[in-house]
file final.csv (CSV, N, CA and C atoms)
chain,number,residue,atom,x,y,z
N,1,ALA,N,204.4,138.0,70.9
N,1,ALA,CA,205.1,137.5,72.1
N,1,ALA,C,204.1,137.3,73.2
N,2,ARG,N,203.0,138.1,73.3
N,2,ARG,CA,202.1,138.0,74.4
N,2,ARG,C,201.3,136.6,74.3
N,3,THR,N,200.9,136.3,73.0
N,3,THR,CA,200.2,135.0,72.9
N,3,THR,C,201.0,133.8,73.2
N,4,VAL,N,202.3,133.9,72.8
N,4,VAL,CA,203.2,132.8,73.2
N,4,VAL,C,203.4,132.7,74.7
N,5,LEU,N,203.5,133.8,75.4
N,5,LEU,CA,203.6,133.8,76.8
N,5,LEU,C,202.4,133.3,77.5
N,6,GLU,N,201.2,133.7,77.0
N,6,GLU,CA,200.0,133.2,77.5
N,6,GLU,C,199.8,131.7,77.4
N,7,GLU,N,200.2,131.2,76.2
N,7,GLU,CA,200.1,129.8,75.9
N,7,GLU,C,201.0,129.0,76.9
N,8,MET,N,202.2,129.5,77.1
N,8,MET,CA,203.1,128.9,78.0
N,8,MET,C,202.6,128.8,79.4
N,9,CYS,N,201.9,129.9,79.8
N,9,CYS,CA,201.3,130.0,81.2
N,9,CYS,C,200.1,129.1,81.3
N,10,ARG,N,199.4,128.9,80.3
N,10,ARG,CA,198.2,128.0,80.3
N,10,ARG,C,198.7,126.5,80.5
N,11,LYS,N,199.8,126.2,79.8
N,11,LYS,CA,200.3,124.9,79.8
N,11,LYS,C,201.0,124.5,81.1
N,12,SER,N,201.6,125.6,81.7
N,12,SER,CA,202.4,125.4,83.0
N,12,SER,C,202.0,126.4,84.0
N,13,PRO,N,200.8,126.4,84.5
N,13,PRO,CA,200.3,127.4,85.4
N,13,PRO,C,201.1,127.5,86.7
N,14,ARG,N,201.8,126.5,87.1
N,14,ARG,CA,202.5,126.5,88.4
N,14,ARG,C,204.0,126.5,88.2
N,15,ASP,N,204.5,126.7,86.9
N,15,ASP,CA,205.9,126.7,86.7
N,15,ASP,C,206.4,128.1,87.1
N,16,ASN,N,207.4,128.0,88.1
N,16,ASN,CA,207.9,129.3,88.6
N,16,ASN,C,208.7,130.1,87.6
N,17,ALA,N,209.4,129.5,86.6
N,17,ALA,CA,210.1,130.2,85.6
N,17,ALA,C,209.2,131.0,84.7
N,18,VAL,N,208.0,130.3,84.4
N,18,VAL,CA,207.0,131.0,83.5
N,18,VAL,C,206.4,132.2,84.3
N,19,LYS,N,206.1,131.9,85.6
N,19,LYS,CA,205.5,133.0,86.4
N,19,LYS,C,206.5,134.2,86.5
N,20,ALA,N,207.8,133.9,86.7
N,20,ALA,CA,208.8,134.9,86.8
N,20,ALA,C,208.9,135.7,85.5
N,21,ALA,N,208.8,135.0,84.4
N,21,ALA,CA,208.8,135.7,83.1
N,21,ALA,C,207.7,136.7,82.9
N,22,VAL,N,206.5,136.2,83.3
N,22,VAL,CA,205.3,137.1,83.2
N,22,VAL,C,205.4,138.3,84.1
N,23,GLN,N,205.9,138.1,85.3
N,23,GLN,CA,206.1,139.2,86.2
N,23,GLN,C,207.1,140.2,85.6
N,24,GLU,N,208.2,139.7,85.1
N,24,GLU,CA,209.2,140.5,84.5
N,24,GLU,C,208.6,141.4,83.4
N,25,VAL,N,207.8,140.8,82.5
N,25,VAL,CA,207.2,141.5,81.4
N,25,VAL,C,206.4,142.6,81.9
N,26,TYR,N,205.6,142.4,82.9
N,26,TYR,CA,204.7,143.4,83.5
N,26,TYR,C,205.4,144.4,84.2
N,27,VAL,N,206.5,144.1,84.9
N,27,VAL,CA,207.3,145.0,85.7
N,27,VAL,C,208.0,146.0,84.7
N,28,ARG,N,208.6,145.4,83.6
N,28,ARG,CA,209.2,146.3,82.6
N,28,ARG,C,208.2,147.2,81.9
N,29,ALA,N,207.1,146.6,81.6
N,29,ALA,CA,206.1,147.5,80.9
N,29,ALA,C,205.7,148.6,81.9
N,30,GLN,N,205.5,148.3,83.1
N,30,GLN,CA,205.1,149.3,84.1
N,30,GLN,C,206.2,150.4,84.2
N,31,ALA,N,207.4,150.0,84.3
N,31,ALA,CA,208.6,150.9,84.4
N,31,ALA,C,208.6,151.9,83.1
N,32,GLU,N,208.2,151.4,82.0
N,32,GLU,CA,208.2,152.2,80.8
N,32,GLU,C,206.8,152.9,80.6
N,33,GLY,N,205.9,152.7,81.5
N,33,GLY,CA,204.6,153.4,81.4
N,33,GLY,C,203.7,152.8,80.4
N,34,VAL,N,203.9,151.5,80.1
N,34,VAL,CA,203.1,150.9,79.1
N,34,VAL,C,202.1,150.0,79.8
N,35,ARG,N,200.8,150.0,79.4
N,35,ARG,CA,199.8,149.2,80.0
N,35,ARG,C,199.4,148.1,79.0
N,36,LEU,N,199.5,146.9,79.5
N,36,LEU,CA,199.3,145.7,78.7
N,36,LEU,C,197.8,145.2,78.9
N,37,ARG,N,197.3,144.6,77.9
N,37,ARG,CA,196.0,143.9,78.0
N,37,ARG,C,196.2,142.8,79.1
N,38,PRO,N,195.3,142.8,80.0
N,38,PRO,CA,195.4,141.7,81.1
N,38,PRO,C,195.2,140.3,80.4
N,39,PRO,N,196.1,139.4,80.7
N,39,PRO,CA,195.9,138.1,80.2
N,39,PRO,C,194.7,137.4,80.9
N,40,SER,N,193.9,136.7,80.1
N,40,SER,CA,192.7,136.1,80.6
N,40,SER,C,193.0,135.1,81.7
N,41,TRP,N,194.1,134.4,81.6
N,41,TRP,CA,194.4,133.4,82.6
N,41,TRP,C,194.7,133.9,84.0
N,42,LEU,N,194.9,135.2,84.1
N,42,LEU,CA,195.1,135.9,85.4
N,42,LEU,C,193.8,136.1,86.1
N,43,LEU,N,192.7,136.2,85.4
N,43,LEU,CA,191.4,136.5,86.0
N,43,LEU,C,190.8,135.2,86.5
N,44,PRO,N,189.9,135.3,87.4
N,44,PRO,CA,189.1,134.1,87.8
N,44,PRO,C,188.4,133.5,86.6
N,45,GLU,N,188.3,132.2,86.6
N,45,GLU,CA,187.7,131.5,85.4
N,45,GLU,C,186.4,132.1,85.0
N,46,GLU,N,185.5,132.5,86.0
N,46,GLU,CA,184.2,133.0,85.6
N,46,GLU,C,184.2,134.4,84.9
N,47,LEU,N,185.4,135.1,85.0
N,47,LEU,CA,185.4,136.4,84.4
N,47,LEU,C,186.4,136.5,83.1
N,48,ARG,N,186.7,135.3,82.6
N,48,ARG,CA,187.6,135.3,81.4
N,48,ARG,C,187.0,135.7,80.1
N,49,ASP,N,185.7,135.9,80.1
N,49,ASP,CA,185.0,136.3,78.8
N,49,ASP,C,184.9,137.8,78.9
N,50,PHE,N,186.0,138.5,78.3
N,50,PHE,CA,186.0,139.9,78.4
N,50,PHE,C,186.7,140.5,77.1
N,51,GLU,N,186.5,141.8,76.9
N,51,GLU,CA,187.2,142.5,75.8
N,51,GLU,C,187.9,143.6,76.5
N,52,TYR,N,189.2,143.8,76.0
N,52,TYR,CA,190.0,144.9,76.5
N,52,TYR,C,190.3,145.8,75.3
N,53,LEU,N,190.0,147.0,75.2
N,53,LEU,CA,190.2,147.9,74.1
N,53,LEU,C,191.2,149.0,74.5
N,54,HIS,N,192.2,149.1,73.7
N,54,HIS,CA,193.2,150.2,74.0
N,54,HIS,C,192.5,151.5,73.5
N,55,ALA,N,193.2,152.6,73.8
N,55,ALA,CA,192.7,154.0,73.4
N,55,ALA,C,192.7,154.0,71.9
N,56,PRO,N,191.8,154.8,71.3
N,56,PRO,CA,191.6,154.8,69.8
N,56,PRO,C,192.8,155.4,69.1
N,57,ASP,N,193.5,156.4,69.7
N,57,ASP,CA,194.6,157.0,69.0
N,57,ASP,C,195.8,156.1,69.1
N,58,PRO,N,196.4,155.6,68.0
N,58,PRO,CA,197.6,154.7,68.1
N,58,PRO,C,198.7,155.3,68.9
N,59,GLN,N,198.9,156.6,69.0
N,59,GLN,CA,200.0,157.1,69.9
N,59,GLN,C,199.7,156.9,71.4
N,60,ASP,N,198.4,156.7,71.7
N,60,ASP,CA,198.1,156.5,73.2
N,60,ASP,C,198.0,155.1,73.5
N,61,GLN,N,198.0,154.2,72.6
N,61,GLN,CA,197.8,152.8,72.9
N,61,GLN,C,198.9,152.2,73.7
N,62,GLY,N,198.5,151.6,74.9
N,62,GLY,CA,199.4,151.1,75.8
N,62,GLY,C,199.9,152.2,76.8
N,63,LEU,N,199.5,153.4,76.6
N,63,LEU,CA,199.9,154.5,77.5
N,63,LEU,C,198.7,155.2,78.1
N,64,GLU,N,197.6,154.5,78.2
N,64,GLU,CA,196.4,155.1,78.7
N,64,GLU,C,196.6,155.5,80.2
N,65,ARG,N,195.9,156.5,80.6
N,65,ARG,CA,195.9,157.0,82.0
N,65,ARG,C,194.6,156.6,82.6
N,66,ASN,N,193.6,156.2,81.9
N,66,ASN,CA,192.2,155.9,82.4
N,66,ASN,C,191.8,154.5,82.0
N,67,LEU,N,191.0,153.9,82.8
N,67,LEU,CA,190.3,152.6,82.5
N,67,LEU,C,188.9,152.8,82.8
N,68,LEU,N,188.1,152.6,81.7
N,68,LEU,CA,186.6,152.6,81.9
N,68,LEU,C,186.2,151.1,81.9
N,69,VAL,N,185.5,150.7,83.0
N,69,VAL,CA,184.9,149.4,83.1
N,69,VAL,C,183.4,149.4,82.9
N,70,LEU,N,183.0,148.6,81.9
N,70,LEU,CA,181.6,148.6,81.5
N,70,LEU,C,181.0,147.2,81.9
N,71,LEU,N,179.9,147.2,82.6
N,71,LEU,CA,179.2,146.0,83.1
N,71,LEU,C,177.8,146.1,82.6
N,72,HIS,N,177.3,145.0,82.0
N,72,HIS,CA,175.9,144.9,81.5
N,72,HIS,C,174.9,144.7,82.6
N,73,GLY,N,173.7,144.9,82.4
N,73,GLY,CA,172.6,144.6,83.4
N,73,GLY,C,172.1,143.1,83.3
N,74,PHE,N,171.1,142.9,84.1
N,74,PHE,CA,170.5,141.5,84.2
N,74,PHE,C,170.1,141.0,82.8
N,75,GLY,N,170.6,139.9,82.4
N,75,GLY,CA,170.3,139.3,81.1
N,75,GLY,C,171.0,139.9,79.9
N,76,GLY,N,172.0,140.7,80.1
N,76,GLY,CA,172.7,141.4,79.1
N,76,GLY,C,173.9,140.6,78.6
N,77,GLN,N,174.7,141.2,77.8
N,77,GLN,CA,176.0,140.7,77.4
N,77,GLN,C,176.9,141.8,77.0
N,78,LYS,N,178.2,141.5,76.8
N,78,LYS,CA,179.2,142.5,76.6
N,78,LYS,C,179.2,143.1,75.3
N,79,ASP,N,178.7,142.5,74.3
N,79,ASP,CA,178.9,142.9,72.9
N,79,ASP,C,178.4,144.3,72.6
N,80,PRO,N,177.2,144.7,73.1
N,80,PRO,CA,176.7,146.1,72.8
N,80,PRO,C,177.7,147.1,73.4
N,81,PHE,N,178.3,146.8,74.6
N,81,PHE,CA,179.1,147.7,75.3
N,81,PHE,C,180.5,147.8,74.6
N,82,VAL,N,180.9,146.8,73.9
N,82,VAL,CA,182.2,146.8,73.1
N,82,VAL,C,181.9,147.8,72.0
N,83,GLU,N,180.8,147.7,71.4
N,83,GLU,CA,180.4,148.7,70.3
N,83,GLU,C,180.3,150.1,70.8
N,84,LEU,N,179.7,150.3,72.0
N,84,LEU,CA,179.6,151.6,72.6
N,84,LEU,C,181.0,152.2,72.9
N,85,ALA,N,181.9,151.4,73.4
N,85,ALA,CA,183.2,151.8,73.8
N,85,ALA,C,183.9,152.3,72.5
N,86,GLY,N,183.8,151.6,71.4
N,86,GLY,CA,184.4,152.1,70.1
N,86,GLY,C,183.8,153.4,69.7
N,87,LYS,N,182.5,153.6,69.9
N,87,LYS,CA,181.9,154.9,69.5
N,87,LYS,C,182.3,156.0,70.4
N,88,LEU,N,182.5,155.7,71.7
N,88,LEU,CA,182.9,156.8,72.6
N,88,LEU,C,184.3,157.4,72.3
N,89,SER,N,185.2,156.5,71.8
N,89,SER,CA,186.5,157.0,71.5
N,89,SER,C,187.1,158.0,72.5
N,90,LEU,N,187.1,157.6,73.7
N,90,LEU,CA,187.7,158.4,74.8
N,90,LEU,C,189.2,158.5,74.7
N,91,PRO,N,189.8,159.7,74.7
N,91,PRO,CA,191.2,159.8,74.6
N,91,PRO,C,191.9,159.3,75.9
N,92,LYS,N,193.1,158.6,75.6
N,92,LYS,CA,193.9,158.1,76.7
N,92,LYS,C,193.1,157.2,77.7
N,93,THR,N,192.1,156.5,77.1
N,93,THR,CA,191.3,155.6,78.0
N,93,THR,C,191.2,154.2,77.3
N,94,ALA,N,191.6,153.2,78.1
N,94,ALA,CA,191.3,151.8,77.8
N,94,ALA,C,190.0,151.5,78.3
N,95,VAL,N,189.4,150.4,77.7
N,95,VAL,CA,188.0,150.0,78.2
N,95,VAL,C,188.1,148.5,78.4
N,96,LEU,N,187.5,148.1,79.6
N,96,LEU,CA,187.4,146.7,79.9
N,96,LEU,C,185.9,146.4,80.0
N,97,VAL,N,185.5,145.4,79.2
N,97,VAL,CA,184.0,145.0,79.1
N,97,VAL,C,183.9,143.5,79.4
N,98,LEU,N,183.1,143.2,80.4
N,98,LEU,CA,183.0,141.8,80.9
N,98,LEU,C,181.6,141.3,80.7
N,99,ASN,N,181.5,140.0,80.5
N,99,ASN,CA,180.3,139.3,80.6
N,99,ASN,C,180.1,138.8,82.0
N,100,GLY,N,178.9,138.8,82.5
N,100,GLY,CA,178.7,138.2,83.9
N,100,GLY,C,179.0,136.8,83.9
N,101,PRO,N,179.3,136.2,85.1
N,101,PRO,CA,179.8,134.9,85.2
N,101,PRO,C,178.7,133.8,85.1
N,102,LYS,N,177.4,134.2,85.3
N,102,LYS,CA,176.3,133.3,85.3
N,102,LYS,C,175.6,133.3,83.9
N,103,GLU,N,175.6,132.3,83.2
N,103,GLU,CA,174.8,132.2,81.9
N,103,GLU,C,173.4,131.9,82.3
N,104,MET,N,172.5,132.7,81.7
N,104,MET,CA,171.1,132.5,82.1
N,104,MET,C,170.4,131.5,81.2
N,105,PRO,N,169.4,130.8,81.8
N,105,PRO,CA,168.6,129.8,81.0
N,105,PRO,C,167.7,130.5,80.0
N,106,GLU,N,167.5,129.8,78.9
N,106,GLU,CA,166.7,130.4,77.8
N,106,GLU,C,165.3,130.7,78.2
N,107,GLU,N,164.7,130.0,79.3
N,107,GLU,CA,163.4,130.3,79.7
N,107,GLU,C,163.2,131.7,80.3
N,108,LEU,N,164.3,132.3,80.7
N,108,LEU,CA,164.2,133.6,81.3
N,108,LEU,C,164.4,134.8,80.4
N,109,VAL,N,165.0,134.6,79.3
N,109,VAL,CA,165.4,135.7,78.4
N,109,VAL,C,165.0,135.5,77.0
N,110,ASP,N,164.9,136.5,76.2
N,110,ASP,CA,164.5,136.4,74.8
N,110,ASP,C,165.7,136.3,73.9
N,111,ASP,N,166.8,137.0,74.3
N,111,ASP,CA,168.0,137.1,73.4
N,111,ASP,C,169.2,136.4,74.0
N,112,LEU,N,169.6,135.2,73.5
N,112,LEU,CA,170.7,134.5,74.0
N,112,LEU,C,172.0,134.8,73.2
N,113,PRO,N,173.1,134.6,73.8
N,113,PRO,CA,173.3,134.3,75.2
N,113,PRO,C,173.1,135.5,76.1
N,114,ALA,N,172.7,135.2,77.3
N,114,ALA,CA,172.4,136.3,78.3
N,114,ALA,C,173.1,135.9,79.6
N,115,PHE,N,173.6,136.9,80.3
N,115,PHE,CA,174.4,136.7,81.5
N,115,PHE,C,173.9,137.5,82.7
N,116,SER,N,174.3,137.0,83.9
N,116,SER,CA,173.9,137.7,85.1
N,116,SER,C,175.2,137.7,86.0
N,117,TRP,N,175.2,138.7,86.9
N,117,TRP,CA,176.4,138.8,87.8
N,117,TRP,C,176.2,137.9,89.1
N,118,PHE,N,175.0,137.5,89.3
N,118,PHE,CA,174.7,136.7,90.5
N,118,PHE,C,173.4,135.9,90.3
N,119,ASP,N,173.2,134.9,91.1
N,119,ASP,CA,172.0,134.0,91.0
N,119,ASP,C,170.8,134.8,91.5
N,120,MET,N,169.7,134.8,90.8
N,120,MET,CA,168.5,135.4,91.3
N,120,MET,C,167.4,134.4,91.6
N,121,PHE,N,167.6,133.2,91.2
N,121,PHE,CA,166.6,132.2,91.4
N,121,PHE,C,167.2,130.9,92.0
N,122,ASP,N,166.5,130.2,92.7
N,122,ASP,CA,167.0,128.9,93.2
N,122,ASP,C,166.6,127.9,92.2
N,123,GLU,N,166.9,126.6,92.5
N,123,GLU,CA,166.7,125.5,91.5
N,123,GLU,C,165.3,125.3,91.1
N,124,ASP,N,164.3,125.9,91.9
N,124,ASP,CA,162.9,125.8,91.5
N,124,ASP,C,162.4,127.1,90.8
N,125,PHE,N,163.3,127.9,90.4
N,125,PHE,CA,163.0,129.2,89.8
N,125,PHE,C,162.2,130.1,90.7
N,126,VAL,N,162.5,130.1,92.0
N,126,VAL,CA,161.9,131.0,93.0
N,126,VAL,C,162.9,132.1,93.2
N,127,PHE,N,162.5,133.3,93.3
N,127,PHE,CA,163.4,134.4,93.6
N,127,PHE,C,164.1,134.2,94.9
N,128,ILE,N,165.4,134.4,94.9
N,128,ILE,CA,166.2,134.3,96.1
N,128,ILE,C,166.0,135.5,96.9
call {"tool": "encode", "arguments": {"input": "final.csv", "output": "structure tokens"}}
result
Amino acid sequence: ARTVLEEMCRKSPRDNAVKAAVQEVYVRAQAEGVRLRPPSWLLPEELRDFEYLHAPDPQDQGLERNLLVLLHGFGGQKDPFVELAGKLSLPKTAVLVLNGPKEMPEELVDDLPAFSWFDMFDEDFVFI
């Protein structure tokens, strides 16, 4: 159902009926104490490359009380942190792992793709 709803929202981002349906789903989930994976289309376009992992115990999934947010460093990417989150297996904890919004040029890093959270160089590769 979530993927159908997300697809409808992508096709009609300004449709008030679709917007109301999404809000109703989230309100009902909140009333029942269920936490849903945030739909990517709700985030700013630069932050839509993310992973959201529910708690490892199936009984806790959607009922997490904690959210661990993991951010990589300069030139990093989310993938190693997704693996780390799986190994941590924190009870009642969902994990949100994001890639930085700025993709780095291959001249600056050895392992692509690489991301940064902000610009460090101007157009002439001079530190800002």
call {"tool": "residues_around", "arguments": {"input": "final.csv", "residues": "segment 75-88 of chain N", "least_positions_apart": "4", "cutoff": "6.5 Å", "atoms": "only N, CA and C atoms", "output": "ChimeraX atom specification"}}
result
/N:97-100,113-116
call {"tool": "write_last_selection", "arguments": {"input": "final.csv", "atoms": "N, CA and C atoms", "output": "compact mmCIF listing (two decimals), in the coordinates of the input"}}
result
# COMPACT_ATOMS: atom_id res chain seq x y z
N VAL N 97 185.50 145.40 79.20
CA VAL N 97 184.00 145.00 79.10
C VAL N 97 183.90 143.50 79.40
N LEU N 98 183.10 143.20 80.40
CA LEU N 98 183.00 141.80 80.90
C LEU N 98 181.60 141.30 80.70
N ASN N 99 181.50 140.00 80.50
CA ASN N 99 180.30 139.30 80.60
C ASN N 99 180.10 138.80 82.00
N GLY N 100 178.90 138.80 82.50
CA GLY N 100 178.70 138.20 83.90
C GLY N 100 179.00 136.80 83.90
N PRO N 113 173.10 134.60 73.80
CA PRO N 113 173.30 134.30 75.20
C PRO N 113 173.10 135.50 76.10
N ALA N 114 172.70 135.20 77.30
CA ALA N 114 172.40 136.30 78.30
C ALA N 114 173.10 135.90 79.60
N PHE N 115 173.60 136.90 80.30
CA PHE N 115 174.40 136.70 81.50
C PHE N 115 173.90 137.50 82.70
N SER N 116 174.30 137.00 83.90
CA SER N 116 173.90 137.70 85.10
C SER N 116 175.20 137.70 86.00
call {"tool": "closest_residue", "arguments": {"input": "final.csv", "among": "N:Lys11, N:Arg48, N:Lys19, N:His54", "to": "Val95 of chain N", "atoms": "only C-alpha atoms"}}
result
N:His54
call {"tool": "residues_around", "arguments": {"input": "final.csv", "residues": "segment 34-43 of chain N", "least_positions_apart": "5", "cutoff": "6.5 Å", "atoms": "all atoms listed in the file", "output": "MDAnalysis selection string"}}
result
chainID N and resid 28:29 48 52 61:64
call {"tool": "closest_residue", "arguments": {"input": "final.csv", "among": "N:Leu112, N:Asn16, N:Pro91, N:Leu96", "to": "Ala55 of chain N", "atoms": "only C-alpha atoms"}}
result
N:Pro91
call {"tool": "select_by_dssp", "arguments": {"input": "final.csv", "residues": "chain N", "states": "helix (DSSP H, G or I)", "output": "count of residues only"}}
result
42
call {"tool": "atom_distance", "arguments": {"input": "final.csv", "atom1": "atom CA of Glu46 of chain N", "atom2": "atom N of Gly33 of chain N"}}
result
29.6 Å
call {"tool": "atom_distance", "arguments": {"input": "final.csv", "atom1": "atom C of Glu51 of chain N", "atom2": "atom CA of Ala31 of chain N"}}
result
23.3 Å
call {"tool": "atom_distance", "arguments": {"input": "final.csv", "atom1": "atom C of Ser89 of chain N", "atom2": "atom C of Leu71 of chain N"}}
result
18.2 Å
call {"tool": "closest_residue", "arguments": {"input": "final.csv", "among": "N:Leu90, N:Leu47, N:Val126, N:Val22", "to": "Arg65 of chain N", "atoms": "only C-alpha atoms"}}
result
N:Leu90
call {"tool": "select_by_dssp", "arguments": {"input": "final.csv", "residues": "segment 17-119 of chain N", "states": "strand (DSSP E)", "output": "list in words"}}
result
Phe50, Glu51, Tyr52, Leu53, Asn66, Leu67, Leu68, Val69, Leu70, Leu71, Thr93, Ala94, Val95, Leu96, Val97, Leu98, Lys102, Glu103, Phe115 and Ser116 of chain N
call {"tool": "closest_residue", "arguments": {"input": "final.csv", "among": "N:Gln23, N:Gln30, N:Gln59, N:Asn66", "to": "Lys92 of chain N", "atoms": "all atoms listed in the file"}}
result
N:Asn66
call {"tool": "closest_residue", "arguments": {"input": "final.csv", "among": "N:Leu67, N:Ala21, N:Asp124, N:Phe50", "to": "Thr93 of chain N", "atoms": "all atoms listed in the file"}}
result
N:Leu67
